[in-house]
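Listing of model-v6.cif, mmCIF, C-alpha atoms and all ligand atoms
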data_input
loop_
_atom_site.label_atom_id
_atom_site.label_comp_id
_atom_site.auth_asym_id
_atom_site.auth_seq_id
_atom_site.Cartn_x
_atom_site.Cartn_y
_atom_site.Cartn_z
CA MET Z 1 -60.97 -21.68 -24.03
CA LYS Z 2 -59.14 -18.45 -24.77
CA ALA Z 3 -56.38 -17.14 -22.48
CA MET Z 4 -57.82 -13.63 -22.75
CA TYR Z 5 -60.75 -14.80 -20.63
CA ILE Z 6 -58.49 -15.53 -17.65
CA ASN Z 7 -56.76 -12.20 -17.03
CA PRO Z 8 -59.93 -10.31 -16.09
CA PHE Z 9 -60.52 -12.79 -13.24
CA LEU Z 10 -56.88 -12.69 -12.17
CA ASN Z 11 -56.92 -8.88 -12.07
CA ALA Z 12 -60.24 -8.71 -10.25
CA SER Z 13 -58.91 -11.15 -7.62
CA MET Z 14 -55.70 -9.19 -7.10
CA ASN Z 15 -57.73 -6.00 -6.76
CA LEU Z 16 -59.98 -7.57 -4.11
CA PHE Z 17 -57.34 -9.33 -2.03
CA LYS Z 18 -54.32 -7.10 -2.46
CA GLU Z 19 -55.63 -3.57 -3.10
CA TYR Z 20 -58.87 -3.67 -1.14
CA LEU Z 21 -58.20 -6.16 1.67
CA ASN Z 22 -54.51 -5.31 1.92
CA VAL Z 23 -53.54 -8.96 2.22
CA SER Z 24 -50.11 -9.88 0.91
CA VAL Z 25 -50.86 -12.00 -2.15
CA THR Z 26 -48.86 -13.35 -5.06
CA VAL Z 27 -50.08 -15.19 -8.11
CA SER Z 28 -48.55 -18.05 -10.12
CA PRO Z 29 -49.15 -18.74 -13.82
CA PRO Z 30 -52.60 -20.24 -14.46
CA VAL Z 31 -52.69 -23.99 -15.00
CA LEU Z 32 -55.16 -26.50 -16.32
CA LEU Z 33 -57.18 -27.98 -13.46
CA LYS Z 34 -56.63 -31.72 -14.00
CA ASP Z 35 -59.45 -32.98 -11.80
CA PRO Z 36 -62.15 -30.30 -11.78
CA ASN Z 37 -63.67 -31.75 -8.64
CA GLU Z 38 -60.51 -31.53 -6.63
CA LEU Z 39 -60.98 -28.24 -4.89
CA LYS Z 40 -60.41 -27.09 -1.34
CA GLU Z 41 -62.89 -27.32 1.55
CA VAL Z 42 -64.78 -24.06 1.11
CA SER Z 43 -65.78 -23.14 -2.42
CA ALA Z 44 -67.92 -20.30 -3.72
CA ILE Z 45 -69.34 -20.69 -7.19
CA ILE Z 46 -70.98 -18.28 -9.59
CA GLY Z 47 -72.47 -19.14 -12.96
CA LEU Z 48 -71.98 -17.10 -16.14
CA ALA Z 49 -74.60 -16.80 -18.85
CA GLY Z 50 -75.37 -14.58 -21.83
CA ASP Z 51 -72.81 -14.59 -24.66
CA THR Z 52 -71.07 -17.49 -22.90
CA VAL Z 53 -71.76 -20.32 -20.49
CA GLY Z 54 -69.36 -20.78 -17.63
CA ALA Z 55 -68.54 -20.89 -13.98
CA VAL Z 56 -66.13 -19.23 -11.58
CA VAL Z 57 -65.10 -21.00 -8.38
CA LEU Z 58 -63.13 -19.41 -5.55
CA THR Z 59 -61.77 -22.11 -3.29
CA PHE Z 60 -60.15 -21.85 0.14
CA SER Z 61 -59.06 -24.24 2.86
CA ARG Z 62 -61.18 -23.78 6.01
CA GLU Z 63 -58.42 -21.88 7.73
CA THR Z 64 -57.82 -19.52 4.82
CA ALA Z 65 -61.57 -18.89 4.41
CA ILE Z 66 -61.91 -17.99 8.09
CA LYS Z 67 -58.93 -15.62 8.03
CA MET Z 68 -59.85 -13.99 4.73
CA VAL Z 69 -63.47 -13.35 5.72
CA SER Z 70 -62.36 -12.03 9.12
CA LYS Z 71 -60.26 -9.48 7.26
CA PHE Z 72 -63.14 -8.70 4.89
CA SER Z 73 -65.83 -8.15 7.52
CA GLY Z 74 -63.69 -6.74 10.33
CA LEU Z 75 -64.79 -9.47 12.76
CA SER Z 76 -62.61 -12.32 13.93
CA PHE Z 77 -64.17 -15.67 13.21
CA MET Z 78 -62.92 -18.90 14.75
CA ALA Z 79 -64.90 -21.40 12.71
CA ILE Z 80 -66.90 -21.76 9.50
CA THR Z 81 -70.06 -19.89 10.46
CA ASN Z 82 -72.91 -18.69 8.25
CA GLU Z 83 -71.19 -15.32 8.15
CA VAL Z 84 -67.97 -16.85 6.84
CA ILE Z 85 -69.95 -18.66 4.17
CA ASP Z 86 -71.70 -15.41 3.27
CA GLY Z 87 -68.37 -13.59 3.02
CA VAL Z 88 -66.84 -16.17 0.69
CA GLY Z 89 -69.93 -15.98 -1.53
CA GLU Z 90 -69.70 -12.21 -1.68
CA MET Z 91 -66.02 -12.44 -2.64
CA VAL Z 92 -66.73 -14.56 -5.72
CA ASN Z 93 -69.56 -12.16 -6.59
CA ILE Z 94 -67.08 -9.27 -6.50
CA ILE Z 95 -64.51 -11.15 -8.60
CA ALA Z 96 -67.03 -12.17 -11.28
CA GLY Z 97 -68.79 -8.79 -11.41
CA ASN Z 98 -65.51 -6.87 -11.59
CA ALA Z 99 -64.09 -9.17 -14.29
CA LYS Z 100 -66.95 -8.12 -16.58
CA LYS Z 101 -65.31 -4.71 -16.90
CA ASP Z 102 -62.51 -6.27 -18.98
CA LEU Z 103 -64.91 -8.40 -21.01
CA GLU Z 104 -67.14 -5.55 -22.10
CA ASP Z 105 -67.30 -6.61 -25.72
CA TYR Z 106 -69.58 -9.38 -24.54
CA ARG Z 107 -72.81 -9.37 -22.64
CA ILE Z 108 -72.41 -11.58 -19.57
CA GLU Z 109 -74.85 -12.17 -16.74
CA ILE Z 110 -73.65 -13.54 -13.43
CA SER Z 111 -75.76 -15.74 -11.17
CA LEU Z 112 -76.18 -15.42 -7.44
CA PRO Z 113 -73.27 -17.03 -5.60
CA GLY Z 114 -73.50 -20.43 -3.95
CA VAL Z 115 -71.10 -21.81 -1.35
CA ILE Z 116 -70.29 -25.45 -0.73
CA THR Z 117 -68.20 -26.91 2.06
CA GLY Z 118 -66.73 -30.38 2.42
CA ASN Z 119 -64.23 -32.55 0.66
CA SER Z 120 -66.02 -34.12 -2.22
CA TYR Z 121 -68.59 -32.36 -4.27
CA ASN Z 122 -69.51 -31.90 -7.87
CA ILE Z 123 -69.41 -28.58 -9.62
CA ASN Z 124 -71.57 -28.19 -12.69
CA TRP Z 125 -68.79 -27.07 -15.01
CA PRO Z 126 -69.77 -26.44 -18.63
CA LYS Z 127 -69.39 -29.66 -20.61
CA GLY Z 128 -66.30 -30.11 -22.78
CA VAL Z 129 -64.60 -26.89 -21.70
CA PRO Z 130 -61.32 -26.94 -19.74
CA VAL Z 131 -61.14 -25.39 -16.28
CA ILE Z 132 -58.26 -22.98 -15.77
CA SER Z 133 -56.99 -22.60 -12.23
CA ILE Z 134 -55.28 -19.40 -11.07
CA PRO Z 135 -53.13 -20.26 -8.02
CA PHE Z 136 -52.64 -17.58 -5.35
CA GLN Z 137 -50.31 -17.62 -2.37
CA SER Z 138 -51.14 -15.39 0.60
CA GLU Z 139 -50.25 -14.69 4.21
CA PHE Z 140 -53.45 -16.62 5.06
CA GLY Z 141 -52.56 -19.65 2.92
CA ASP Z 142 -52.91 -20.75 -0.69
CA PHE Z 143 -56.17 -20.50 -2.58
CA SER Z 144 -57.29 -20.49 -6.18
CA VAL Z 145 -59.76 -18.94 -8.58
CA ASN Z 146 -60.98 -21.40 -11.21
CA VAL Z 147 -62.62 -20.35 -14.42
CA SER Z 148 -64.30 -22.26 -17.20
CA MET Z 149 -65.94 -20.41 -20.06
CA ARG Z 150 -67.25 -21.47 -23.42
CA ASP Z 151 -65.69 -19.37 -26.21
CA MET Z 152 -67.86 -16.41 -27.06
CA LYS Z 153 -69.14 -15.44 -30.48
CA VAL Z 154 -67.13 -12.50 -31.72
CA MET S 1 -83.30 10.68 8.22
CA LYS S 2 -83.72 6.95 7.63
CA VAL S 3 -81.31 5.01 5.42
CA LEU S 4 -82.30 1.66 3.94
CA ILE S 5 -79.46 -0.75 3.11
CA ILE S 6 -80.44 -3.54 0.72
CA ASP S 7 -77.94 -6.34 0.04
CA ASP S 8 -78.29 -10.12 0.10
CA SER S 9 -74.85 -10.43 1.74
CA SER S 10 -74.92 -10.01 5.53
CA THR S 11 -71.21 -9.14 5.35
CA MET S 12 -71.92 -6.25 2.99
CA ARG S 13 -74.85 -5.04 5.12
CA ARG S 14 -72.54 -4.96 8.14
CA ILE S 15 -69.78 -3.11 6.25
CA HIS S 16 -72.23 -0.49 4.94
CA ARG S 17 -73.83 -0.03 8.38
CA ASN S 18 -70.43 0.52 10.00
CA ILE S 19 -69.54 3.17 7.43
CA LEU S 20 -72.86 4.98 8.00
CA LEU S 21 -72.33 4.89 11.77
CA GLU S 22 -68.88 6.34 11.23
CA ALA S 23 -70.49 9.11 9.17
CA GLY S 24 -72.67 10.01 12.15
CA CYS S 25 -75.90 8.18 11.33
CA LYS S 26 -77.80 6.88 14.35
CA ASP S 27 -78.07 3.10 14.56
CA GLU S 28 -81.87 3.28 14.83
CA ASP S 29 -82.02 5.30 11.60
CA ILE S 30 -80.32 2.55 9.62
CA ILE S 31 -82.58 -0.29 8.51
CA ASP S 32 -81.71 -3.12 6.18
CA ALA S 33 -83.16 -5.81 3.96
CA GLU S 34 -81.72 -8.89 2.26
CA ASP S 35 -83.65 -8.59 -0.99
CA GLY S 36 -85.79 -6.19 -2.98
CA GLU S 37 -89.06 -7.71 -1.85
CA LYS S 38 -88.36 -7.16 1.85
CA ALA S 39 -86.98 -3.72 1.03
CA LEU S 40 -90.23 -2.79 -0.70
CA GLN S 41 -92.19 -3.58 2.47
CA LEU S 42 -89.82 -1.41 4.51
CA ALA S 43 -90.00 1.39 1.94
CA ASN S 44 -93.78 1.34 2.18
CA SER S 45 -93.93 1.43 5.97
CA ASN S 46 -91.14 3.99 6.50
CA ASN S 47 -90.02 7.29 5.12
CA ILE S 48 -86.63 6.54 3.59
CA GLY S 49 -84.27 9.43 2.86
CA LEU S 50 -81.51 7.42 1.21
CA PHE S 51 -81.41 3.98 -0.41
CA ILE S 52 -78.17 2.00 -0.61
CA VAL S 53 -78.92 -0.89 -2.90
CA ASP S 54 -77.08 -3.90 -4.29
CA TRP S 55 -77.89 -5.24 -7.77
CA ASN S 56 -77.67 -9.03 -7.61
CA MET S 57 -80.16 -10.31 -5.06
CA PRO S 58 -82.77 -13.10 -4.99
CA HIS S 59 -86.56 -12.59 -5.41
CA LEU S 60 -86.46 -8.95 -6.53
CA ASN S 61 -83.10 -7.61 -7.64
CA GLY S 62 -81.78 -4.09 -7.12
CA LEU S 63 -82.61 -2.89 -10.61
CA GLN S 64 -86.21 -4.13 -10.40
CA PHE S 65 -86.49 -2.56 -6.94
CA VAL S 66 -85.30 0.84 -8.20
CA LYS S 67 -87.76 0.79 -11.11
CA ILE S 68 -90.63 0.11 -8.69
CA ILE S 69 -89.78 2.83 -6.17
CA ARG S 70 -89.21 5.34 -8.97
CA SER S 71 -92.83 4.79 -10.03
CA MET S 72 -94.00 5.69 -6.50
CA GLU S 73 -94.68 9.37 -5.90
CA LYS S 74 -93.12 9.17 -2.44
CA TYR S 75 -89.73 8.09 -3.81
CA SER S 76 -89.61 9.67 -7.23
CA LEU S 77 -86.74 11.94 -6.19
CA THR S 78 -85.12 10.16 -3.22
CA PRO S 79 -81.38 9.50 -3.68
CA VAL S 80 -80.60 5.90 -4.61
CA VAL S 81 -76.97 4.81 -4.44
CA MET S 82 -76.36 1.49 -6.14
CA ILE S 83 -73.31 -0.35 -4.83
CA THR S 84 -72.63 -3.55 -6.72
CA SER S 85 -69.84 -5.75 -8.07
CA GLU S 86 -71.25 -5.22 -11.59
CA ALA S 87 -68.49 -3.23 -13.28
CA ALA S 88 -69.39 -3.33 -16.99
CA LYS S 89 -70.32 0.00 -18.59
CA TYR S 90 -73.55 -1.41 -20.01
CA ASN S 91 -74.62 -2.27 -16.45
CA VAL S 92 -73.85 1.25 -15.21
CA MET S 93 -75.87 2.74 -18.08
CA GLU S 94 -78.81 0.44 -17.42
CA ALA S 95 -78.82 1.37 -13.72
CA ILE S 96 -78.67 5.11 -14.40
CA THR S 97 -81.49 4.95 -16.96
CA SER S 98 -83.54 2.98 -14.42
CA GLY S 99 -83.33 5.79 -11.89
CA VAL S 100 -80.16 5.18 -9.88
CA THR S 101 -78.67 8.48 -8.62
CA ASN S 102 -75.10 7.32 -8.02
CA TYR S 103 -73.35 4.09 -9.01
CA ILE S 104 -70.47 2.63 -7.00
CA VAL S 105 -68.54 -0.53 -7.88
CA LYS S 106 -67.63 -2.90 -5.01
CA PRO S 107 -65.18 -3.27 -3.42
CA VAL S 108 -64.88 0.34 -2.35
CA LYS S 109 -62.73 1.71 0.45
CA ALA S 110 -64.71 3.28 3.29
CA GLU S 111 -63.27 6.77 2.68
CA ILE S 112 -64.32 6.79 -0.97
CA PHE S 113 -67.75 5.38 -0.21
CA LEU S 114 -68.26 8.09 2.44
CA GLU S 115 -67.09 10.81 0.10
CA LYS S 116 -69.67 9.71 -2.46
CA ILE S 117 -72.64 9.39 -0.08
CA SER S 118 -71.98 12.24 2.37
CA LYS S 119 -73.91 14.73 0.24
CA TYR S 120 -77.06 12.65 0.66
CA LEU S 121 -76.76 12.38 4.44
CA THR S 122 -77.50 16.00 5.32
MG MG K 1 -75.59 -9.36 -4.02
#

Could you quickly redo this structure as structure tokens?
Amino acid sequence: MKAMYINPFLNASMNLFKEYLNVSVTVSPPVLLKDPNELKEVSAIIGLAGDTVGAVVLTFSRETAIKMVSKFSGLSFMAITNEVIDGVGEMVNIIAGNAKKDLEDYRIEISLPGVITGNSYNINWPKGVPVISIPFQSEFGDFSVNVSMRDMKV
Amino acid sequence: MKVLIIDDSSTMRRIHRNILLEAGCKDEDIIDAEDGEKALQLANSNNIGLFIVDWNMPHLNGLQFVKIIRSMEKYSLTPVVMITSEAAKYNVMEAITSGVTNYIVKPVKAEIFLEKISKYLT
């Protein structure tokens, strides 16, 4: 999986959390996700199709999800409600849709977002392709954006 | 004038509604739908003066919705603002050729969103 596929998702995430939501966020160098099923408690997933096959997963702890969506929607949530789940799904939709701007040489379609909560679940990552995890640190806690994409035909 | 907000995300529908209220729209003049199919029913039973429509939605997506209302005499010229996360140029072109009046990429700050839609609210 090419490194050039990662930056668009990193930039789109920084734009959403830092520029738009005004949350103080820093990013660490992307790493290989060793166990692709080891994510946090609230994960939003979007599938990629077209010139590639892939998936993007935004994953938060419960607490971070609640705080981040409260900031996003302007309401203050105290627990994981349907609205918090909706907000996390919309965030991954924004990250994936915005990332396409920097991948314009390819035709990519994004799926509707899905959100899963809990501690053990299986993500349908594309087979035989590594998952790259972009670690973020924020005032609301750590989170990550995880990307796996099959190399595209040039 | 009635405004129809169409987005599958309840968070986005709330954000858009709040911005319209801030712009002086009356709450009862703002109606919303969570997909294109439900929006089509509302478009048929109301007189909509402005559509604010997302692209990626279940059942009937925003692009399909726009193509359908553009074929209706009633809505052949009504302003349609598409606000979506889809940021690729080929998506913008496809939306414009399908009849979208103005294309805005999410996330957009309230001030900029207002600036872009205010001309349709009078
Ligand atoms: Mg949507």

Sorted by chain and rising residue number, list the residues of chain Z at most 10 Å from ligand MG 1 (chain K) (counting all atoms listed in the file), each with its closest atom pair and distance in Å to one decimal, as a Markdown table.
| residue | atom | partner | partner_atom | distance |
| --- | --- | --- | --- | --- |
| Z:Gly89 | CA | K:MG1 | MG | 9.1 |
| Z:Glu90 | CA | K:MG1 | MG | 6.9 |
| Z:Asn93 | CA | K:MG1 | MG | 7.1 |
| Z:Ile94 | CA | K:MG1 | MG | 8.9 |
| Z:Ser111 | CA | K:MG1 | MG | 9.6 |
| Z:Leu112 | CA | K:MG1 | MG | 7.0 |
| Z:Pro113 | CA | K:MG1 | MG | 8.2 |

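Between atom CA of S:Thr78 and atom CA of S:Ile30 lies a distance of 15.7 Å.
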
Using all atoms listed in the file, which of Z:Ile66, Z:Leu32, Z:Val84, Z:Leu58 sits nearest chain S?
-> Z:Val84

Starting from chain S, keep only residues with some atom at most 8 Å from an atom of chain Z, counting all atoms listed in the file, and report them as JSON, numbers by chain.
-> {"S": [9, 10, 11, 12, 14, 15, 56, 57, 58, 84, 85, 86, 87, 88, 89, 90, 105, 106, 107, 108, 109]}

List the neighbours of stretch 93-104 of chain S out to 6 Å using only C-alpha atoms; skip same-chain residues closer than 3 positions along the sequence, and give me the result as a ChimeraX atom specification.
-> /S:67,79-83,90

Who sits within 12 Å of S:Gly24, only C-alpha atoms, same chain under 3 positions skipped, as a ChimeraX atom specification | /S:1,17-21,27-30,114,118,121-122

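Note that the spacing between atom CA of S:Tyr75 and atom CA of S:Ile112 amounts to 25.6 Å.
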